[in-house]
file final-v3.tsv (TSV, C-alpha atoms)
chain	number	residue	atom	x	y	z
A	157	MET	CA	0.00	0.00	0.00
A	158	GLY	CA	2.71	2.53	0.86
A	159	LEU	CA	2.91	5.96	2.41
A	160	ASN	CA	-0.31	7.74	3.42
A	161	ILE	CA	-0.80	11.48	3.83
A	162	VAL	CA	-3.82	12.45	5.95
A	163	LEU	CA	-5.28	15.97	5.96
A	164	VAL	CA	-7.76	16.51	8.78
A	165	GLU	CA	-10.22	19.22	7.76
A	166	PRO	CA	-8.03	21.09	5.24
A	167	GLU	CA	-9.15	24.65	4.59
A	168	ILE	CA	-7.22	25.97	1.58
A	169	PRO	CA	-7.68	24.31	-1.83
A	170	GLN	CA	-4.30	25.49	-3.11
A	171	ASN	CA	-2.50	23.78	-0.23
A	172	THR	CA	-4.45	20.58	-0.83
A	173	GLY	CA	-3.58	20.82	-4.53
A	174	ASN	CA	0.11	21.22	-3.75
A	175	ILE	CA	-0.09	18.23	-1.42
A	176	ALA	CA	-1.88	16.19	-4.08
A	177	ARG	CA	0.96	17.01	-6.45
A	178	THR	CA	3.52	15.82	-3.87
A	179	CYS	CA	1.48	12.63	-3.36
A	180	ALA	CA	1.41	12.03	-7.12
A	181	CYS	CA	5.16	12.51	-7.42
A	182	VAL	CA	6.03	10.14	-4.57
A	183	GLY	CA	3.20	7.62	-4.93
A	184	ALA	CA	1.52	8.38	-1.59
A	185	ARG	CA	-2.19	7.90	-0.95
A	186	LEU	CA	-4.01	11.10	0.07
A	187	HIS	CA	-6.71	10.89	2.76
A	188	LEU	CA	-9.03	13.91	2.98
A	189	VAL	CA	-10.97	14.11	6.24
A	190	GLU	CA	-14.10	16.25	6.13
A	191	PRO	CA	-15.40	18.78	6.71
A	192	MET	CA	-13.11	20.65	4.36
A	193	GLY	CA	-13.01	24.41	3.99
A	194	PHE	CA	-13.74	24.07	0.26
A	195	ARG	CA	-15.56	21.78	-2.13
A	196	LEU	CA	-13.76	19.54	-4.59
A	197	THR	CA	-15.34	21.25	-7.59
A	198	GLN	CA	-13.73	21.45	-11.01
A	199	LYS	CA	-13.07	25.17	-10.46
A	200	ASN	CA	-11.26	24.55	-7.15
A	201	LEU	CA	-9.36	21.61	-8.61
A	202	ALA	CA	-8.21	23.70	-11.57
A	203	ARG	CA	-6.71	26.25	-9.17
A	204	ALA	CA	-5.26	23.51	-6.99
A	205	GLY	CA	-3.13	21.32	-9.23
A	206	CYS	CA	-5.83	19.71	-11.36
A	207	ASP	CA	-3.37	18.11	-13.79
A	208	TYR	CA	-2.04	15.88	-10.99
A	209	TRP	CA	-5.33	14.78	-9.41
A	210	GLY	CA	-5.65	11.85	-11.82
A	211	GLU	CA	-2.33	10.48	-10.56
A	212	VAL	CA	-3.37	10.45	-6.88
A	213	ASP	CA	-5.24	7.76	-4.98
A	214	VAL	CA	-7.63	9.92	-2.91
A	215	VAL	CA	-9.67	8.51	-0.03
A	216	ARG	CA	-12.34	10.74	1.50
A	217	TRP	CA	-13.52	10.36	5.08
A	218	PRO	CA	-16.75	11.90	6.43
A	219	CYS	CA	-15.12	12.88	9.74
A	220	ALA	CA	-12.05	12.38	11.90
A	221	GLU	CA	-13.85	9.83	14.05
A	222	ALA	CA	-14.39	7.58	11.02
A	223	PHE	CA	-10.75	7.79	9.97
A	224	PHE	CA	-9.38	7.12	13.47
A	225	GLU	CA	-11.85	4.31	14.08
A	226	GLU	CA	-10.49	2.59	10.98
A	227	HIS	CA	-6.79	3.44	11.38
A	228	GLY	CA	-6.32	4.30	15.07
A	229	GLU	CA	-4.26	1.17	15.65
A	230	GLY	CA	-2.15	1.71	12.53
A	231	GLU	CA	1.21	3.41	12.24
A	232	LEU	CA	0.14	6.99	12.84
A	233	HIS	CA	2.45	9.99	13.07
A	234	LEU	CA	0.55	13.14	14.06
A	235	PHE	CA	2.37	16.37	13.20
A	236	THR	CA	1.90	19.18	15.70
A	237	GLY	CA	3.93	22.04	17.09
A	238	GLN	CA	2.88	20.83	20.55
A	239	ALA	CA	4.93	17.62	20.38
A	240	ARG	CA	8.29	17.27	22.11
A	241	ARG	CA	9.69	14.57	19.81
A	242	GLY	CA	11.15	15.62	16.47
A	243	PHE	CA	9.79	14.06	13.28
A	244	HIS	CA	13.32	12.95	12.40
A	245	ASP	CA	13.39	10.73	15.51
A	246	ALA	CA	10.36	8.71	14.41
A	247	VAL	CA	10.71	5.49	12.44
A	248	TYR	CA	8.45	5.38	9.38
A	249	GLY	CA	7.38	1.95	8.18
A	250	GLU	CA	5.98	1.02	4.79
A	251	GLU	CA	2.38	1.60	5.92
A	252	ALA	CA	2.93	4.92	7.72
A	253	TYR	CA	0.16	7.50	8.04
A	254	LEU	CA	1.41	11.09	8.30
A	255	VAL	CA	-1.44	13.08	9.84
A	256	PHE	CA	-1.77	16.87	9.57
A	257	GLY	CA	-4.40	19.30	10.86
A	258	ARG	CA	-6.07	22.27	9.29
A	259	GLU	CA	-4.09	25.34	8.35
A	260	SER	CA	-5.60	27.72	10.90
A	261	ARG	CA	-5.57	25.57	14.04
A	262	GLY	CA	-3.70	22.35	13.41
A	263	LEU	CA	-4.98	19.09	14.86
A	264	PRO	CA	-7.80	19.17	17.42
A	265	PRO	CA	-6.63	18.97	21.07
A	266	ASN	CA	-8.57	15.75	21.65
A	267	LEU	CA	-6.56	13.96	18.94
A	268	ILE	CA	-3.26	15.32	20.24
A	269	GLU	CA	-4.17	14.09	23.71
A	270	ALA	CA	-5.44	10.70	22.57
A	271	TYR	CA	-2.36	10.04	20.41
A	272	ALA	CA	0.26	11.97	22.39
A	273	HIS	CA	2.76	9.10	22.09
A	274	ARG	CA	2.48	9.33	18.29
A	275	CYS	CA	2.90	13.10	17.97
A	276	VAL	CA	5.97	14.61	16.31
A	277	ARG	CA	7.07	18.10	15.38
A	278	ILE	CA	9.14	19.72	12.65
A	279	PRO	CA	11.81	21.93	14.27
A	280	MET	CA	11.69	25.66	13.63
A	281	ARG	CA	12.75	28.89	15.26
A	282	GLU	CA	11.16	29.77	18.58
A	283	GLY	CA	8.20	32.10	18.41
A	284	LEU	CA	7.12	31.05	14.93
A	285	ARG	CA	3.89	29.10	14.69
A	286	SER	CA	4.17	26.76	11.72
A	287	LEU	CA	5.30	26.01	8.21
A	288	ASN	CA	2.86	26.20	5.34
A	289	LEU	CA	0.89	22.92	5.35
A	290	SER	CA	2.06	21.80	1.92
A	291	ASN	CA	5.69	22.46	2.88
A	292	ALA	CA	5.30	20.51	6.13
A	293	VAL	CA	3.80	17.56	4.25
A	294	ALA	CA	6.67	17.56	1.75
A	295	VAL	CA	9.32	17.69	4.50
A	296	ALA	CA	7.66	14.81	6.37
A	297	ALA	CA	6.96	12.68	3.30
A	298	TYR	CA	10.53	12.87	2.06
A	299	GLU	CA	11.94	11.93	5.46
A	300	ALA	CA	9.63	8.90	5.59
A	301	LEU	CA	10.60	7.90	2.06
A	302	ARG	CA	14.30	8.42	2.78
A	303	GLN	CA	14.04	6.05	5.71
A	304	GLN	CA	12.24	3.53	3.51
A	305	GLY	CA	14.97	3.63	0.85
A	306	TRP	CA	12.99	5.69	-1.70
A	307	PRO	CA	10.58	2.88	-2.73
A	308	GLY	CA	9.46	3.20	-6.33
A	309	LEU	CA	11.26	6.51	-6.88
A	310	VAL	CA	14.01	7.23	-9.38
call {"tool": "encode", "arguments": {"input": "final-v3.tsv", "output": "structure tokens"}}
result
Amino acid sequence: MGLNIVLVEPEIPQNTGNIARTCACVGARLHLVEPMGFRLTQKNLARAGCDYWGEVDVVRWPCAEAFFEEHGEGELHLFTGQARRGFHDAVYGEEAYLVFGRESRGLPPNLIEAYAHRCVRIPMREGLRSLNLSNAVAVAAYEALRQQGWPGLV
């Protein structure tokens, strides 16, 4: 199956389009957890990397509860600025799920609390809140793929 990128309630179609493009280029499955801050209309897709959407395996979830009920026991890595452990210290297996929250607020506190032992952070300068979501996904995905030996990539 391979690497999985999970966006919990994404808000900005352009970020989701950039992430879809990254998923297409590395062969990752993209999970979109609703509600989203936009609709997947042709107009939004055109602005958000439409030419790559056909190359991405997209799975839509009606809510976070549905996703975590199905995958809560899987290899989850939740990315949050509230974690103490760096993302580079995690070990990413072949079936890893890299989970990211919405652009404005990140992951909900209840998920961070429930999966605290699976939370990781991307280091950055003190006082700064976060990277752009699509940049954070790319950083995390390439570290996971590096650890896996770049499966299927040339």
call {"tool": "closest_atom_pairs", "arguments": {"input": "final-v3.tsv", "of": "region 207-253 of chain A", "to": "region 189-194 of chain A", "cutoff": "8 Å", "atoms": "all atoms listed in the file", "output": "Markdown table"}}
result
| residue | atom | partner | partner_atom | distance |
| --- | --- | --- | --- | --- |
| A:Arg216 | CA | A:Val189 | CA | 6.0 |
| A:Trp217 | CA | A:Val189 | CA | 4.7 |
| A:Pro218 | CA | A:Glu190 | CA | 5.1 |
| A:Cys219 | CA | A:Glu190 | CA | 5.0 |
| A:Ala220 | CA | A:Val189 | CA | 6.0 |
| A:Phe223 | CA | A:Val189 | CA | 7.3 |
call {"tool": "closest_residue", "arguments": {"input": "final-v3.tsv", "among": "A:Val293, A:Pro279, A:His187, A:Ile168", "to": "Arg241 (chain A)", "atoms": "only C-alpha atoms"}}
result
A:Pro279
call {"tool": "closest_residue", "arguments": {"input": "final-v3.tsv", "among": "A:Glu165, A:Asp213, A:Glu259, A:Glu269", "to": "Ser290 (chain A)", "atoms": "only C-alpha atoms"}}
result
A:Glu259
call {"tool": "atom_distance", "arguments": {"input": "final-v3.tsv", "atom1": "CA of Tyr271 (chain A)", "atom2": "CA of Pro169 (chain A)"}}
result
27.0 Å
call {"tool": "closest_residue", "arguments": {"input": "final-v3.tsv", "among": "A:Val255, A:Gly237, A:Ala184, A:Asn174", "to": "Leu284 (chain A)", "atoms": "only C-alpha atoms"}}
result
A:Gly237
call {"tool": "atom_distance", "arguments": {"input": "final-v3.tsv", "atom1": "CA of Tyr253 (chain A)", "atom2": "CA of Glu231 (chain A)"}}
result
6.0 Å
call {"tool": "atom_distance", "arguments": {"input": "final-v3.tsv", "atom1": "CA of Arg258 (chain A)", "atom2": "CA of Val212 (chain A)"}}
result
20.2 Å
call {"tool": "closest_residue", "arguments": {"input": "final-v3.tsv", "among": "A:Ala252, A:Ala222, A:Ile278, A:Ala270", "to": "Ala239 (chain A)", "atoms": "all atoms listed in the file"}}
result
A:Ile278
call {"tool": "closest_residue", "arguments": {"input": "final-v3.tsv", "among": "A:Gly283, A:Pro265, A:Gly158, A:Gly183", "to": "Tyr248 (chain A)", "atoms": "only C-alpha atoms"}}
result
A:Gly158
call {"tool": "closest_residue", "arguments": {"input": "final-v3.tsv", "among": "A:Leu254, A:Ile268, A:Met280, A:Gly230", "to": "Gly242 (chain A)", "atoms": "all atoms listed in the file"}}
result
A:Met280
call {"tool": "residues_near_point", "arguments": {"input": "final-v3.tsv", "point": "(-4.5, 24.8, 13.9)", "cutoff": "12 Å", "atoms": "all atoms listed in the file", "output": "ChimeraX atom specification"}}
result
/A:163-167,235-238,256-265,268,285-289
call {"tool": "residues_near_point", "arguments": {"input": "final-v3.tsv", "point": "(16.3, 15.3, 11.7)", "cutoff": "12 Å", "atoms": "all atoms listed in the file", "output": "JSON, numbers by chain"}}
result
{"A": [241, 242, 243, 244, 245, 246, 247, 276, 277, 278, 279, 280, 295, 296, 298, 299, 300, 302, 303]}
call {"tool": "decode", "arguments": {"input": "final-v3.tsv", "residues": "region 270-299 of chain A", "atoms": "N, CA, C and O atoms", "output": "PDB file, in the first residue's frame"}}
result
ATOM      1  N   ALA A 270      -5.208  12.133  22.731  1.00  0.00           N
ATOM      2  CA  ALA A 270      -5.440  10.698  22.574  1.00  0.00           C
ATOM      3  C   ALA A 270      -4.244   9.971  21.965  1.00  0.00           C
ATOM      4  O   ALA A 270      -4.003   8.799  22.262  1.00  0.00           O
ATOM      5  N   TYR A 271      -3.495  10.655  21.101  1.00  0.00           N
ATOM      6  CA  TYR A 271      -2.360  10.042  20.405  1.00  0.00           C
ATOM      7  C   TYR A 271      -1.044  10.732  20.751  1.00  0.00           C
ATOM      8  O   TYR A 271      -0.135  10.806  19.926  1.00  0.00           O
ATOM      9  N   ALA A 272      -0.921  11.203  21.975  1.00  0.00           N
ATOM     10  CA  ALA A 272       0.263  11.968  22.391  1.00  0.00           C
ATOM     11  C   ALA A 272       1.564  11.210  22.120  1.00  0.00           C
ATOM     12  O   ALA A 272       2.566  11.815  21.715  1.00  0.00           O
ATOM     13  N   HIS A 273       1.557   9.909  22.299  1.00  0.00           N
ATOM     14  CA  HIS A 273       2.761   9.095  22.089  1.00  0.00           C
ATOM     15  C   HIS A 273       3.120   8.944  20.606  1.00  0.00           C
ATOM     16  O   HIS A 273       4.177   8.443  20.274  1.00  0.00           O
ATOM     17  N   ARG A 274       2.237   9.411  19.727  1.00  0.00           N
ATOM     18  CA  ARG A 274       2.481   9.327  18.288  1.00  0.00           C
ATOM     19  C   ARG A 274       2.672  10.699  17.650  1.00  0.00           C
ATOM     20  O   ARG A 274       2.708  10.820  16.434  1.00  0.00           O
ATOM     21  N   CYS A 275       2.756  11.736  18.478  1.00  0.00           N
ATOM     22  CA  CYS A 275       2.899  13.100  17.973  1.00  0.00           C
ATOM     23  C   CYS A 275       4.366  13.451  17.745  1.00  0.00           C
ATOM     24  O   CYS A 275       5.229  13.102  18.547  1.00  0.00           O
ATOM     25  N   VAL A 276       4.625  14.146  16.654  1.00  0.00           N
ATOM     26  CA  VAL A 276       5.968  14.608  16.314  1.00  0.00           C
ATOM     27  C   VAL A 276       5.880  16.044  15.821  1.00  0.00           C
ATOM     28  O   VAL A 276       4.818  16.525  15.438  1.00  0.00           O
ATOM     29  N   ARG A 277       7.028  16.715  15.832  1.00  0.00           N
ATOM     30  CA  ARG A 277       7.069  18.101  15.378  1.00  0.00           C
ATOM     31  C   ARG A 277       8.221  18.300  14.402  1.00  0.00           C
ATOM     32  O   ARG A 277       9.213  17.580  14.443  1.00  0.00           O
ATOM     33  N   ILE A 278       8.081  19.299  13.560  1.00  0.00           N
ATOM     34  CA  ILE A 278       9.141  19.723  12.653  1.00  0.00           C
ATOM     35  C   ILE A 278       9.826  20.907  13.334  1.00  0.00           C
ATOM     36  O   ILE A 278       9.165  21.899  13.665  1.00  0.00           O
ATOM     37  N   PRO A 279      11.129  20.829  13.574  1.00  0.00           N
ATOM     38  CA  PRO A 279      11.811  21.930  14.266  1.00  0.00           C
ATOM     39  C   PRO A 279      11.749  23.242  13.480  1.00  0.00           C
ATOM     40  O   PRO A 279      11.786  23.248  12.255  1.00  0.00           O
ATOM     41  N   MET A 280      11.644  24.323  14.225  1.00  0.00           N
ATOM     42  CA  MET A 280      11.690  25.661  13.630  1.00  0.00           C
ATOM     43  C   MET A 280      12.076  26.654  14.705  1.00  0.00           C
ATOM     44  O   MET A 280      12.149  26.300  15.881  1.00  0.00           O
ATOM     45  N   ARG A 281      12.325  27.861  14.313  1.00  0.00           N
ATOM     46  CA  ARG A 281      12.748  28.888  15.259  1.00  0.00           C
ATOM     47  C   ARG A 281      11.653  29.166  16.286  1.00  0.00           C
ATOM     48  O   ARG A 281      10.464  29.142  15.969  1.00  0.00           O
ATOM     49  N   GLU A 282      12.086  29.457  17.497  1.00  0.00           N
ATOM     50  CA  GLU A 282      11.156  29.769  18.577  1.00  0.00           C
ATOM     51  C   GLU A 282      10.340  31.011  18.232  1.00  0.00           C
ATOM     52  O   GLU A 282      10.837  31.959  17.629  1.00  0.00           O
ATOM     53  N   GLY A 283       9.084  30.967  18.619  1.00  0.00           N
ATOM     54  CA  GLY A 283       8.199  32.102  18.409  1.00  0.00           C
ATOM     55  C   GLY A 283       7.451  32.072  17.091  1.00  0.00           C
ATOM     56  O   GLY A 283       6.546  32.876  16.884  1.00  0.00           O
ATOM     57  N   LEU A 284       7.831  31.168  16.197  1.00  0.00           N
ATOM     58  CA  LEU A 284       7.118  31.050  14.928  1.00  0.00           C
ATOM     59  C   LEU A 284       6.152  29.877  15.029  1.00  0.00           C
ATOM     60  O   LEU A 284       6.476  28.841  15.592  1.00  0.00           O
ATOM     61  N   ARG A 285       4.966  30.048  14.471  1.00  0.00           N
ATOM     62  CA  ARG A 285       3.886  29.100  14.687  1.00  0.00           C
ATOM     63  C   ARG A 285       4.009  27.828  13.864  1.00  0.00           C
ATOM     64  O   ARG A 285       3.885  26.725  14.382  1.00  0.00           O
ATOM     65  N   SER A 286       4.193  27.968  12.539  1.00  0.00           N
ATOM     66  CA  SER A 286       4.169  26.755  11.716  1.00  0.00           C
ATOM     67  C   SER A 286       4.649  27.039  10.309  1.00  0.00           C
ATOM     68  O   SER A 286       4.659  28.173   9.847  1.00  0.00           O
ATOM     69  N   LEU A 287       5.019  25.959   9.638  1.00  0.00           N
ATOM     70  CA  LEU A 287       5.297  26.009   8.210  1.00  0.00           C
ATOM     71  C   LEU A 287       3.972  26.013   7.455  1.00  0.00           C
ATOM     72  O   LEU A 287       2.944  25.610   7.996  1.00  0.00           O
ATOM     73  N   ASN A 288       4.009  26.390   6.199  1.00  0.00           N
ATOM     74  CA  ASN A 288       2.856  26.195   5.335  1.00  0.00           C
ATOM     75  C   ASN A 288       2.555  24.699   5.294  1.00  0.00           C
ATOM     76  O   ASN A 288       3.474  23.866   5.260  1.00  0.00           O
ATOM     77  N   LEU A 289       1.289  24.331   5.295  1.00  0.00           N
ATOM     78  CA  LEU A 289       0.889  22.924   5.353  1.00  0.00           C
ATOM     79  C   LEU A 289       1.512  22.093   4.233  1.00  0.00           C
ATOM     80  O   LEU A 289       2.026  21.002   4.477  1.00  0.00           O
ATOM     81  N   SER A 290       1.500  22.599   3.014  1.00  0.00           N
ATOM     82  CA  SER A 290       2.058  21.803   1.919  1.00  0.00           C
ATOM     83  C   SER A 290       3.568  21.622   2.068  1.00  0.00           C
ATOM     84  O   SER A 290       4.109  20.565   1.722  1.00  0.00           O
ATOM     85  N   ASN A 291       4.253  22.609   2.625  1.00  0.00           N
ATOM     86  CA  ASN A 291       5.692  22.460   2.878  1.00  0.00           C
ATOM     87  C   ASN A 291       5.943  21.429   3.970  1.00  0.00           C
ATOM     88  O   ASN A 291       6.861  20.609   3.871  1.00  0.00           O
ATOM     89  N   ALA A 292       5.144  21.470   5.032  1.00  0.00           N
ATOM     90  CA  ALA A 292       5.299  20.506   6.126  1.00  0.00           C
ATOM     91  C   ALA A 292       5.076  19.079   5.635  1.00  0.00           C
ATOM     92  O   ALA A 292       5.824  18.158   5.990  1.00  0.00           O
ATOM     93  N   VAL A 293       4.066  18.890   4.804  1.00  0.00           N
ATOM     94  CA  VAL A 293       3.802  17.559   4.254  1.00  0.00           C
ATOM     95  C   VAL A 293       4.985  17.087   3.419  1.00  0.00           C
ATOM     96  O   VAL A 293       5.424  15.933   3.535  1.00  0.00           O
ATOM     97  N   ALA A 294       5.539  17.951   2.584  1.00  0.00           N
ATOM     98  CA  ALA A 294       6.673  17.559   1.749  1.00  0.00           C
ATOM     99  C   ALA A 294       7.883  17.184   2.596  1.00  0.00           C
ATOM    100  O   ALA A 294       8.533  16.158   2.344  1.00  0.00           O
ATOM    101  N   VAL A 295       8.189  17.988   3.609  1.00  0.00           N
ATOM    102  CA  VAL A 295       9.318  17.693   4.500  1.00  0.00           C
ATOM    103  C   VAL A 295       9.126  16.316   5.129  1.00  0.00           C
ATOM    104  O   VAL A 295      10.030  15.477   5.141  1.00  0.00           O
ATOM    105  N   ALA A 296       7.945  16.070   5.678  1.00  0.00           N
ATOM    106  CA  ALA A 296       7.663  14.809   6.371  1.00  0.00           C
ATOM    107  C   ALA A 296       7.668  13.621   5.413  1.00  0.00           C
ATOM    108  O   ALA A 296       8.243  12.565   5.715  1.00  0.00           O
ATOM    109  N   ALA A 297       7.039  13.786   4.258  1.00  0.00           N
ATOM    110  CA  ALA A 297       6.962  12.677   3.302  1.00  0.00           C
ATOM    111  C   ALA A 297       8.352  12.267   2.827  1.00  0.00           C
ATOM    112  O   ALA A 297       8.658  11.071   2.757  1.00  0.00           O
ATOM    113  N   TYR A 298       9.193  13.218   2.544  1.00  0.00           N
ATOM    114  CA  TYR A 298      10.528  12.870   2.060  1.00  0.00           C
ATOM    115  C   TYR A 298      11.405  12.250   3.141  1.00  0.00           C
ATOM    116  O   TYR A 298      12.232  11.393   2.847  1.00  0.00           O
ATOM    117  N   GLU A 299      11.205  12.618   4.398  1.00  0.00           N
ATOM    118  CA  GLU A 299      11.936  11.934   5.462  1.00  0.00           C
ATOM    119  C   GLU A 299      11.462  10.492   5.587  1.00  0.00           C
ATOM    120  O   GLU A 299      12.281   9.571   5.715  1.00  0.00           O
TER     121      GLU A 299
END
